[in-house]
Every structure is written in C-alpha cells, then in structure tokens.
file entry-v1.txt (compact mmCIF, C-alpha atoms)
# COMPACT_ATOMS: atom_id res chain seq x y z
CA MET P 1 0.00 0.00 0.00
CA ASN P 2 1.58 3.34 -1.02
CA ALA P 3 1.56 6.61 0.90
CA ASN P 4 -1.21 8.10 -1.21
CA GLN P 5 -3.47 5.17 -0.47
CA ASN P 6 -2.79 5.54 3.29
CA LYS P 7 -3.61 9.23 3.12
CA GLY P 8 -6.80 8.50 1.22
CA GLU P 9 -7.95 5.92 3.72
CA SER P 10 -7.11 8.23 6.64
CA ALA P 11 -9.05 11.05 5.04
CA MET P 12 -12.00 8.71 4.46
CA LYS P 13 -11.93 7.55 8.09
CA ARG P 14 -11.83 11.14 9.30
CA THR P 15 -14.77 12.00 7.03
CA THR P 16 -16.72 8.97 8.25
CA LYS P 17 -16.07 9.90 11.90
CA ALA P 18 -17.08 13.50 11.22
CA VAL P 19 -20.32 12.42 9.56
CA ALA P 20 -21.04 10.00 12.42
CA LEU P 21 -20.38 12.77 14.95
CA LEU P 22 -22.67 15.16 13.11
CA LEU P 23 -25.39 12.54 12.94
CA ALA P 24 -25.02 11.84 16.66
CA ILE P 25 -25.26 15.55 17.48
CA ALA P 26 -28.29 15.92 15.21
CA LEU P 27 -29.94 12.94 16.87
CA MET P 28 -29.27 14.37 20.32
CA LEU P 29 -30.72 17.72 19.31
CA CYS P 30 -33.82 16.10 17.82
CA THR P 31 -34.29 13.86 20.84
CA GLY P 32 -33.83 16.82 23.15
CA GLY P 33 -36.35 18.81 21.15
CA PHE P 34 -38.96 16.06 21.34
CA ALA P 35 -38.26 15.58 25.05
CA ALA P 36 -38.69 19.28 25.66
CA THR P 37 -41.98 19.25 23.77
CA ALA P 38 -43.20 16.29 25.81
CA GLU P 39 -42.17 17.94 29.06
CA GLU P 40 -43.97 21.16 28.16
CA LYS P 41 -47.28 19.39 27.46
CA LYS P 42 -49.51 19.85 30.47
CA PRO P 43 -52.13 17.31 31.52
CA VAL P 44 -55.57 18.47 30.37
CA TYR P 45 -58.30 18.78 33.01
CA VAL P 46 -61.90 19.18 31.78
CA ALA P 47 -64.71 20.10 34.20
CA LEU P 48 -68.26 19.13 33.25
CA GLY P 49 -71.59 19.87 34.84
CA ASP P 50 -73.59 22.62 36.43
CA SER P 51 -73.18 26.03 38.01
CA ILE P 52 -71.05 24.65 40.83
CA ALA P 53 -68.47 23.54 38.26
CA ALA P 54 -68.91 26.82 36.37
CA GLY P 55 -68.04 28.80 39.49
CA THR P 56 -71.31 30.70 39.90
CA GLY P 57 -71.11 32.67 43.11
CA LEU P 58 -67.69 34.14 42.33
CA ARG P 59 -66.91 37.33 40.41
CA ASN P 60 -63.63 35.81 39.20
CA ALA P 61 -64.69 32.22 38.58
CA GLY P 62 -62.20 31.80 35.73
CA LYS P 63 -59.28 31.94 38.16
CA ALA P 64 -60.86 31.08 41.51
CA CYS P 65 -63.38 28.27 40.97
CA TYR P 66 -62.29 24.93 42.38
CA GLY P 67 -61.35 23.54 38.97
CA ALA P 68 -59.09 26.50 38.22
CA ILE P 69 -57.48 26.16 41.65
CA VAL P 70 -56.79 22.45 41.13
CA ALA P 71 -55.32 23.14 37.69
CA ASN P 72 -53.14 25.98 38.96
CA THR P 73 -51.90 23.89 41.89
CA ASN P 74 -50.91 20.87 39.80
CA GLY P 75 -49.94 22.61 36.57
CA TYR P 76 -52.82 21.32 34.45
CA GLU P 77 -54.37 22.91 31.38
CA PHE P 78 -57.93 23.70 32.47
CA VAL P 79 -61.08 23.64 30.32
CA ASN P 80 -64.36 24.46 32.07
CA HIS P 81 -67.59 23.26 30.45
CA GLY P 82 -69.78 23.83 33.51
CA VAL P 83 -73.07 25.60 32.73
CA GLY P 84 -75.43 27.21 35.23
CA GLY P 85 -78.79 25.47 35.51
CA HIS P 86 -77.75 22.28 33.74
CA ARG P 87 -79.37 19.03 34.73
CA THR P 88 -78.30 15.49 33.91
CA ALA P 89 -80.31 15.58 30.66
CA ASP P 90 -78.52 18.78 29.66
CA LEU P 91 -75.12 17.21 30.23
CA ILE P 92 -76.08 14.28 28.01
CA ALA P 93 -76.88 16.75 25.23
CA ARG P 94 -73.69 18.71 25.93
CA LEU P 95 -71.57 15.64 25.34
CA GLU P 96 -72.92 15.54 21.78
CA GLU P 97 -71.54 19.02 21.02
CA GLU P 98 -68.43 19.00 18.85
CA LYS P 99 -66.30 21.26 21.06
CA VAL P 100 -67.22 19.50 24.30
CA SER P 101 -66.76 15.99 22.92
CA ALA P 102 -63.37 16.97 21.43
CA ASP P 103 -62.18 18.36 24.76
CA VAL P 104 -63.40 15.28 26.63
CA ALA P 105 -61.61 13.04 24.12
CA LYS P 106 -58.24 14.72 24.73
CA ALA P 107 -58.57 15.08 28.51
CA ASP P 108 -56.32 13.40 31.04
CA ILE P 109 -58.64 14.27 33.93
CA ILE P 110 -62.41 14.82 33.82
CA SER P 111 -64.64 15.90 36.70
CA ILE P 112 -68.43 15.89 36.94
CA SER P 113 -70.69 18.04 39.12
CA ILE P 114 -74.31 17.26 38.29
CA GLY P 115 -77.66 16.32 39.81
CA GLY P 116 -78.49 19.26 42.06
CA ASN P 117 -80.53 21.09 39.45
CA ASP P 118 -82.62 17.99 38.79
CA PHE P 119 -83.99 18.73 42.27
CA ILE P 120 -83.98 22.53 42.28
CA LEU P 121 -85.66 22.89 38.89
CA SER P 122 -88.30 20.30 39.73
CA ASP P 123 -91.38 20.95 41.86
CA MET P 124 -89.56 21.87 45.06
CA TYR P 125 -92.80 23.00 46.69
CA LYS P 126 -94.32 19.52 46.30
CA MET P 127 -91.13 17.85 47.47
CA LEU P 128 -90.96 19.98 50.62
CA LEU P 129 -94.67 19.76 51.42
CA ASP P 130 -94.81 16.01 50.89
CA ALA P 131 -91.86 15.54 53.25
CA TRP P 132 -93.07 17.98 55.88
CA THR P 133 -96.75 17.03 55.98
CA ARG P 134 -96.71 13.29 55.28
CA GLY P 135 -93.08 12.19 55.45
CA ASP P 136 -93.57 11.12 51.82
CA TYR P 137 -90.44 10.99 49.63
CA THR P 138 -92.04 9.25 46.63
CA TYR P 139 -91.66 12.28 44.36
CA MET P 140 -88.04 12.73 45.43
CA ASP P 141 -87.30 9.06 44.81
CA GLY P 142 -88.68 9.39 41.28
CA ILE P 143 -86.24 12.21 40.58
CA ILE P 144 -83.39 10.11 41.96
CA GLU P 145 -84.22 7.24 39.60
CA SER P 146 -84.29 9.63 36.66
CA ILE P 147 -80.90 11.04 37.69
CA TYR P 148 -79.49 7.53 38.01
CA GLU P 149 -80.58 6.57 34.50
CA ASN P 150 -79.17 9.75 32.99
CA PHE P 151 -75.98 9.43 35.00
CA GLY P 152 -75.38 6.00 33.49
CA ILE P 153 -75.75 7.50 30.01
CA ILE P 154 -73.31 10.29 30.91
CA ILE P 155 -70.65 7.88 32.11
CA ALA P 156 -71.10 5.65 29.05
CA LYS P 157 -70.72 8.62 26.69
CA ILE P 158 -67.57 9.84 28.43
CA LYS P 159 -66.05 6.36 28.43
CA ALA P 160 -66.81 6.00 24.72
CA LEU P 161 -65.03 9.29 24.00
CA ASN P 162 -62.14 8.71 26.37
CA PRO P 163 -61.78 5.37 28.18
CA ASN P 164 -58.40 6.24 29.71
CA ALA P 165 -58.99 9.57 31.44
CA MET P 166 -59.09 9.84 35.23
CA LEU P 167 -62.82 10.38 35.86
CA LEU P 168 -63.92 12.09 39.08
CA VAL P 169 -67.50 12.46 40.31
CA GLN P 170 -68.20 14.83 43.17
CA THR P 171 -70.90 14.28 45.74
CA LEU P 172 -73.58 16.91 46.25
CA TYR P 173 -73.40 18.98 49.43
CA ASN P 174 -76.42 20.25 51.35
CA PRO P 175 -76.46 24.05 51.03
CA GLU P 176 -79.10 24.52 53.72
CA SER P 177 -78.50 25.13 57.40
CA THR P 178 -82.00 26.28 58.40
CA TYR P 179 -85.57 24.94 58.28
CA LYS P 180 -85.17 23.20 54.89
CA LYS P 181 -82.02 21.41 56.00
CA ASP P 182 -83.53 17.99 56.76
CA VAL P 183 -85.40 17.66 53.46
CA TYR P 184 -82.38 18.87 51.47
CA GLN P 185 -80.23 16.41 53.39
CA ALA P 186 -82.53 13.56 52.46
CA GLY P 187 -82.21 14.55 48.80
CA THR P 188 -78.43 14.87 48.84
CA ASP P 189 -78.06 11.58 50.73
CA LYS P 190 -80.21 9.77 48.18
CA LEU P 191 -78.35 11.32 45.24
CA ASN P 192 -74.92 10.53 46.65
CA ALA P 193 -76.04 7.00 47.44
CA SER P 194 -77.06 6.57 43.81
CA TYR P 195 -73.54 7.52 42.66
CA ALA P 196 -72.09 5.02 45.13
CA ARG P 197 -74.58 2.43 43.83
CA TYR P 198 -73.44 2.99 40.25
CA LEU P 199 -69.80 2.64 41.26
CA LYS P 200 -70.59 -0.60 43.09
CA GLU P 201 -72.32 -1.95 40.00
CA HIS P 202 -69.53 -0.70 37.70
CA PRO P 203 -66.30 -1.01 39.73
CA GLY P 204 -63.48 1.30 38.71
CA SER P 205 -65.67 3.55 36.52
CA PHE P 206 -64.64 6.68 38.42
CA ARG P 207 -63.38 7.98 41.72
CA ILE P 208 -65.64 9.84 44.11
CA VAL P 209 -64.62 13.23 45.49
CA ASP P 210 -66.58 13.64 48.71
CA VAL P 211 -67.51 17.31 48.45
CA ALA P 212 -70.56 16.70 50.65
CA ALA P 213 -68.31 15.84 53.58
CA ALA P 214 -65.96 18.75 52.90
CA VAL P 215 -68.45 21.62 52.63
CA LYS P 216 -69.36 21.99 56.29
CA PRO P 217 -70.46 24.07 58.11
CA GLN P 218 -72.67 25.22 55.27
CA ASP P 219 -73.21 28.75 56.53
CA LYS P 220 -69.46 29.42 56.26
CA MET P 221 -68.96 28.08 52.72
CA ILE P 222 -72.16 28.96 50.83
CA ALA P 223 -72.69 32.13 48.79
CA VAL P 224 -75.40 34.71 49.52
CA ASP P 225 -77.84 32.89 47.24
CA HIS P 226 -77.86 29.95 49.71
CA ILE P 227 -77.01 27.51 46.90
CA HIS P 228 -73.48 27.88 45.51
CA PRO P 229 -70.06 27.71 47.16
CA ASN P 230 -68.45 31.00 48.10
CA ALA P 231 -64.71 31.64 47.76
CA LYS P 232 -63.94 29.62 50.87
CA GLY P 233 -66.18 26.83 49.63
CA HIS P 234 -64.33 26.62 46.31
CA VAL P 235 -60.97 26.40 48.06
CA THR P 236 -62.36 23.63 50.27
CA ILE P 237 -63.69 21.70 47.26
CA ALA P 238 -60.34 22.12 45.48
CA LYS P 239 -58.60 20.63 48.52
CA ALA P 240 -60.88 17.57 48.39
CA TYR P 241 -60.02 17.12 44.71
CA LEU P 242 -56.29 17.49 45.31
CA ARG P 243 -56.32 14.75 47.94
CA VAL P 244 -58.01 12.30 45.57
CA LEU P 245 -55.71 13.23 42.68
CA ALA P 246 -52.62 12.82 44.86
CA GLU P 247 -53.82 9.38 45.96
CA ALA P 248 -54.27 8.45 42.29
CA GLY P 249 -50.80 9.69 41.33
CA TYR P 250 -51.96 12.77 39.41
CA GLY P 251 -49.84 15.22 41.38
CA THR P 252 -48.42 15.46 44.86
CA ALA P 253 -49.77 18.77 46.18
CA THR P 254 -52.66 18.65 48.63
CA GLU P 255 -52.79 22.33 49.59
CA PRO P 256 -54.64 24.56 47.10
CA ALA P 257 -52.70 27.31 45.30
CA ALA P 258 -55.08 29.69 43.51
CA ALA P 259 -53.96 32.08 40.77
CA GLU P 260 -55.86 34.74 42.70
CA SER P 261 -58.15 34.86 45.72
CA GLY P 262 -61.83 34.25 45.06
CA LYS P 263 -64.16 37.26 45.11
CA ASP P 264 -67.69 36.54 46.27
CA MET P 265 -70.51 37.80 44.08
CA SER P 266 -73.35 39.90 45.46
CA LEU P 267 -76.87 38.44 45.38
CA MET P 268 -78.09 41.10 42.91
CA LEU P 269 -75.29 40.42 40.42
CA LEU P 270 -75.70 36.69 40.91
CA GLY P 271 -79.38 36.89 40.04
CA VAL P 272 -78.68 38.88 36.87
CA ARG P 273 -75.98 36.43 35.82
CA MET P 274 -77.94 33.22 36.32
CA MET P 275 -81.67 33.92 35.81
CA MET P 276 -82.50 30.23 36.23
CA PRO P 277 -86.28 29.77 35.81
CA GLY P 278 -88.03 29.46 39.12
CA VAL P 279 -84.92 29.20 41.28
CA TYR P 280 -84.70 32.79 42.41
CA LEU P 281 -88.44 33.12 42.92
CA PHE P 282 -88.19 30.11 45.21
CA THR P 283 -85.07 31.57 46.87
CA ALA P 284 -86.83 34.89 47.47
CA ILE P 285 -89.84 33.17 49.03
CA SER P 286 -87.59 30.88 51.05
CA ASN P 287 -85.59 33.83 52.36
CA ALA P 288 -88.79 35.58 53.36
CA VAL P 289 -89.88 32.49 55.29
CA ARG P 290 -86.36 32.23 56.71
CA SER P 291 -86.72 35.70 58.22
CA LEU P 292 -89.91 34.60 59.99
CA PHE P 293 -88.07 31.69 61.61
CA ALA P 294 -84.89 33.66 62.40
call {"tool": "encode", "arguments": {"input": "entry-v1.txt", "output": "structure tokens"}}
result
Amino acid sequence: MNANQNKGESAMKRTTKAVALLLAIALMLCTGGFAATAEEKKPVYVALGDSIAAGTGLRNAGKACYGAIVANTNGYEFVNHGVGGHRTADLIARLEEEKVSADVAKADIISISIGGNDFILSDMYKMLLDAWTRGDYTYMDGIIESIYENFGIIIAKIKALNPNAMLLVQTLYNPESTYKKDVYQAGTDKLNASYARYLKEHPGSFRIVDVAAAVKPQDKMIAVDHIHPNAKGHVTIAKAYLRVLAEAGYGTATEPAAAESGKDMSLMLLGVRMMMPGVYLFTAISNAVRSLFA
C-alpha cells in the first residue's frame, strides 16, 4: 500500500467519523427537542356539569373556581364546560356538542358536578310539602331514579369518547343550614347513594370526590344565594379534589394554590348572571320564610 493510499484511507476515516459525529449531534438535538416538547405538554383537566363547576357565586370564577385552583396547583391545562342550571339531561346533550366531545376526548382528567338542578328545577314545593306534611319521599325518589338513568348514560358517553382519562364524580353537598335542611339532606343523601350504587355496580368507573363531607359548616362556605359555594367553599372543594388526585398519582400537592383569591358575588349580580327559571323566585320566598323563623 503506497503513501497516497494511506492518506486517502485516513481522510475517508476522518470524514466517516465526522459524519457520524454530526449525525449523533443531530440525533441528540432532535431527541432533546422532542423531550422538551413532551415535558412542556400539560395534563388536560376538563370540568363538566352545572353552576357549581362553572363557578357561579364568584366574580372571578375563571381563576378562583375549584377547577381552576386544582389546575393551577398541579400545573394542568384547564377547560371548564360547567353551565349554570344544567341538569343530567342537559349534560347528556352537551356531550354531543363537537367542542365539548373533542375536549373530553383529549382530557387526562375529567370531573363531573351534576344532579343538584334535577332537584332545584323540579317541583320543590311539592317535594318539601310532601316531606313535611306526610313524610312522603315518593316524588323525590322518582327524581333520583331519573338522575341515576341519565348518569349512566353520561358515564357511558364519556367512556366511549375517552376510556383512559381519570374520571372524578363529586358528591352533592347540602347548602341549607335552616328549616329546609332535613329535606335537602334527604335529597343529597339519596343522590350521593345513587352515585355510590353505580360505582358498586360498575367497579373502577370513576373515583368519588366527597364534596358533601368537605363543605361543612354550610353557613361558612355557601354564597349569599344559599345555593353555591363562596370563595372559601371553592378552596375547600379544590382541597378535596387534590387529595383524591394525589392518591391516584396525578400530582403530589394537597394544599390549594389559587392564581388569585376568590371574590364573592353579590346576590343582585348573581341573580342577573344566572336567571335560572323558578330558582330565584323560590329563593326569594324561602328567604322571606327564613326571616320569619330567624
């Protein structure tokens, strides 16, 4: 082998090593870029349901409702599809909407707050009078059965869209601390028992967040409309969620960290914002009766 051949082979080896080095660097940069993209992607948390999920009762619900607090604490991307006045039937229809179904399909965590309006927007006068005068809860039990049927449809629709998301269902708290307390408690107990019944019949379908146990005493955590959580109530609910999520491995924090402190809404502004048929007429009458018993 002559000197020229040796030089040629050496040059070729150096070129090969240089190309290999460049490829290695390029691969590292690409891998690092993909890793950075993966690290930057936040888990997506979608809240579904009624006005409690929507944050009614707060002037800054977007940053201070319990869902926003949970997302801020754990670094989730938060999408809130809660709607004031929605019942179980409304949520079934909502899950057919393109935007909502798309968000549910991409979610890592989904929470549901539903069922309370099935009571409130029903014939509350009949429910209360039946319970007070005859101890009759037949009408209430009929509503519970309807909720249970719709709830099963809701869970099935969510599972069809996204079988892998962490699904959380919150129990309903009793907002009353006065003369309607016992009847409201009977309703919330029956509703929460129906969610537990579904979970027993369909093990592993979701995890329960026991908001009912957390929101006590009611007079300290309920807004001026005597229905929705106030700022303190939302922080308390967020804390209950964080405990369940930590137990499930979806974060480690258990103390809420809000983007900003919740600001309670006045009753007048709350009424203008919601305008739910019948609810505020009933609330006004109830508050008038409340004053008689005070």
call {"tool": "residues_around", "arguments": {"input": "entry-v1.txt", "residues": "range 150-163 of chain P", "least_positions_apart": "3", "cutoff": "12 Å", "atoms": "all atoms listed in the file", "output": "ChimeraX atom specification"}}
result
/P:46,48-49,87-98,100-115,118,143-147,166-169,191-192,194-199,201-202,204-206
call {"tool": "write_last_selection", "arguments": {"input": "entry-v1.txt", "atoms": "C-alpha atoms", "output": "compact mmCIF listing (two decimals), in the coordinates of the input"}}
result
# COMPACT_ATOMS: atom_id res chain seq x y z
CA VAL P 46 -61.90 19.18 31.78
CA LEU P 48 -68.26 19.13 33.25
CA GLY P 49 -71.59 19.87 34.84
CA ARG P 87 -79.37 19.03 34.73
CA THR P 88 -78.30 15.49 33.91
CA ALA P 89 -80.31 15.58 30.66
CA ASP P 90 -78.52 18.78 29.66
CA LEU P 91 -75.12 17.21 30.23
CA ILE P 92 -76.08 14.28 28.01
CA ALA P 93 -76.88 16.75 25.23
CA ARG P 94 -73.69 18.71 25.93
CA LEU P 95 -71.57 15.64 25.34
CA GLU P 96 -72.92 15.54 21.78
CA GLU P 97 -71.54 19.02 21.02
CA GLU P 98 -68.43 19.00 18.85
CA VAL P 100 -67.22 19.50 24.30
CA SER P 101 -66.76 15.99 22.92
CA ALA P 102 -63.37 16.97 21.43
CA ASP P 103 -62.18 18.36 24.76
CA VAL P 104 -63.40 15.28 26.63
CA ALA P 105 -61.61 13.04 24.12
CA LYS P 106 -58.24 14.72 24.73
CA ALA P 107 -58.57 15.08 28.51
CA ASP P 108 -56.32 13.40 31.04
CA ILE P 109 -58.64 14.27 33.93
CA ILE P 110 -62.41 14.82 33.82
CA SER P 111 -64.64 15.90 36.70
CA ILE P 112 -68.43 15.89 36.94
CA SER P 113 -70.69 18.04 39.12
CA ILE P 114 -74.31 17.26 38.29
CA GLY P 115 -77.66 16.32 39.81
CA ASP P 118 -82.62 17.99 38.79
CA ILE P 143 -86.24 12.21 40.58
CA ILE P 144 -83.39 10.11 41.96
CA GLU P 145 -84.22 7.24 39.60
CA SER P 146 -84.29 9.63 36.66
CA ILE P 147 -80.90 11.04 37.69
CA MET P 166 -59.09 9.84 35.23
CA LEU P 167 -62.82 10.38 35.86
CA LEU P 168 -63.92 12.09 39.08
CA VAL P 169 -67.50 12.46 40.31
CA LEU P 191 -78.35 11.32 45.24
CA ASN P 192 -74.92 10.53 46.65
CA SER P 194 -77.06 6.57 43.81
CA TYR P 195 -73.54 7.52 42.66
CA ALA P 196 -72.09 5.02 45.13
CA ARG P 197 -74.58 2.43 43.83
CA TYR P 198 -73.44 2.99 40.25
CA LEU P 199 -69.80 2.64 41.26
CA GLU P 201 -72.32 -1.95 40.00
CA HIS P 202 -69.53 -0.70 37.70
CA GLY P 204 -63.48 1.30 38.71
CA SER P 205 -65.67 3.55 36.52
CA PHE P 206 -64.64 6.68 38.42
call {"tool": "closest_residue", "arguments": {"input": "entry-v1.txt", "among": "P:Ala47, P:Ile120, P:Ala193, P:Leu58", "to": "Asn80 in chain P", "atoms": "all atoms listed in the file"}}
result
P:Ala47
call {"tool": "closest_atom_pairs", "arguments": {"input": "entry-v1.txt", "of": "range 37-118 of chain P", "to": "range 215-238 of chain P", "cutoff": "10 Å", "atoms": "only C-alpha atoms", "output": "tab-separated table"}}
result
residue	atom	partner	partner_atom	distance
P:Ser51	CA	P:His228	CA	7.7
P:Ile52	CA	P:His228	CA	6.2
P:Ala53	CA	P:His234	CA	9.6
P:Gly55	CA	P:Pro229	CA	8.0
P:Thr56	CA	P:His228	CA	6.6
P:Gly57	CA	P:His228	CA	5.9
P:Leu58	CA	P:Asn230	CA	6.6
P:Arg59	CA	P:Ala231	CA	9.6
P:Asn60	CA	P:Ala231	CA	9.6
P:Ala61	CA	P:Ala231	CA	9.2
P:Ala64	CA	P:Ala231	CA	7.4
P:Cys65	CA	P:His234	CA	5.7
P:Tyr66	CA	P:Ala238	CA	4.6
P:Gly67	CA	P:Ala238	CA	6.7
P:Ala68	CA	P:Ala238	CA	8.6
P:Ile69	CA	P:Ala238	CA	6.3
P:Val70	CA	P:Ala238	CA	5.6
P:Ala71	CA	P:Ala238	CA	9.3
P:Thr73	CA	P:Ala238	CA	9.3
P:Gly116	CA	P:Ile227	CA	9.7
call {"tool": "atom_distance", "arguments": {"input": "entry-v1.txt", "atom1": "CA of Gln170 in chain P", "atom2": "CA of Ile208 in chain P"}}
result
5.7 Å
call {"tool": "atom_distance", "arguments": {"input": "entry-v1.txt", "atom1": "CA of Phe119 in chain P", "atom2": "CA of Gly187 in chain P"}}
result
8.0 Å
call {"tool": "residues_around", "arguments": {"input": "entry-v1.txt", "residues": "Glu77 in chain P", "least_positions_apart": "3", "cutoff": "7 Å", "atoms": "all atoms listed in the file", "output": "NGL selection string"}}
result
:P and (42-45 or 71)
call {"tool": "residues_around", "arguments": {"input": "entry-v1.txt", "residues": "Tyr173 in chain P", "least_positions_apart": "4", "cutoff": "7 Å", "atoms": "only C-alpha atoms", "output": "list in words"}}
result
Thr188, Val211, Ala212 and Val215 of chain P
call {"tool": "atom_distance", "arguments": {"input": "entry-v1.txt", "atom1": "CA of Lys126 in chain P", "atom2": "CA of Tyr139 in chain P"}}
result
8.0 Å
call {"tool": "closest_residue", "arguments": {"input": "entry-v1.txt", "among": "P:Asn74, P:Ala131, P:Asp123, P:Lys41", "to": "Pro256 in chain P", "atoms": "only C-alpha atoms"}}
result
P:Asn74
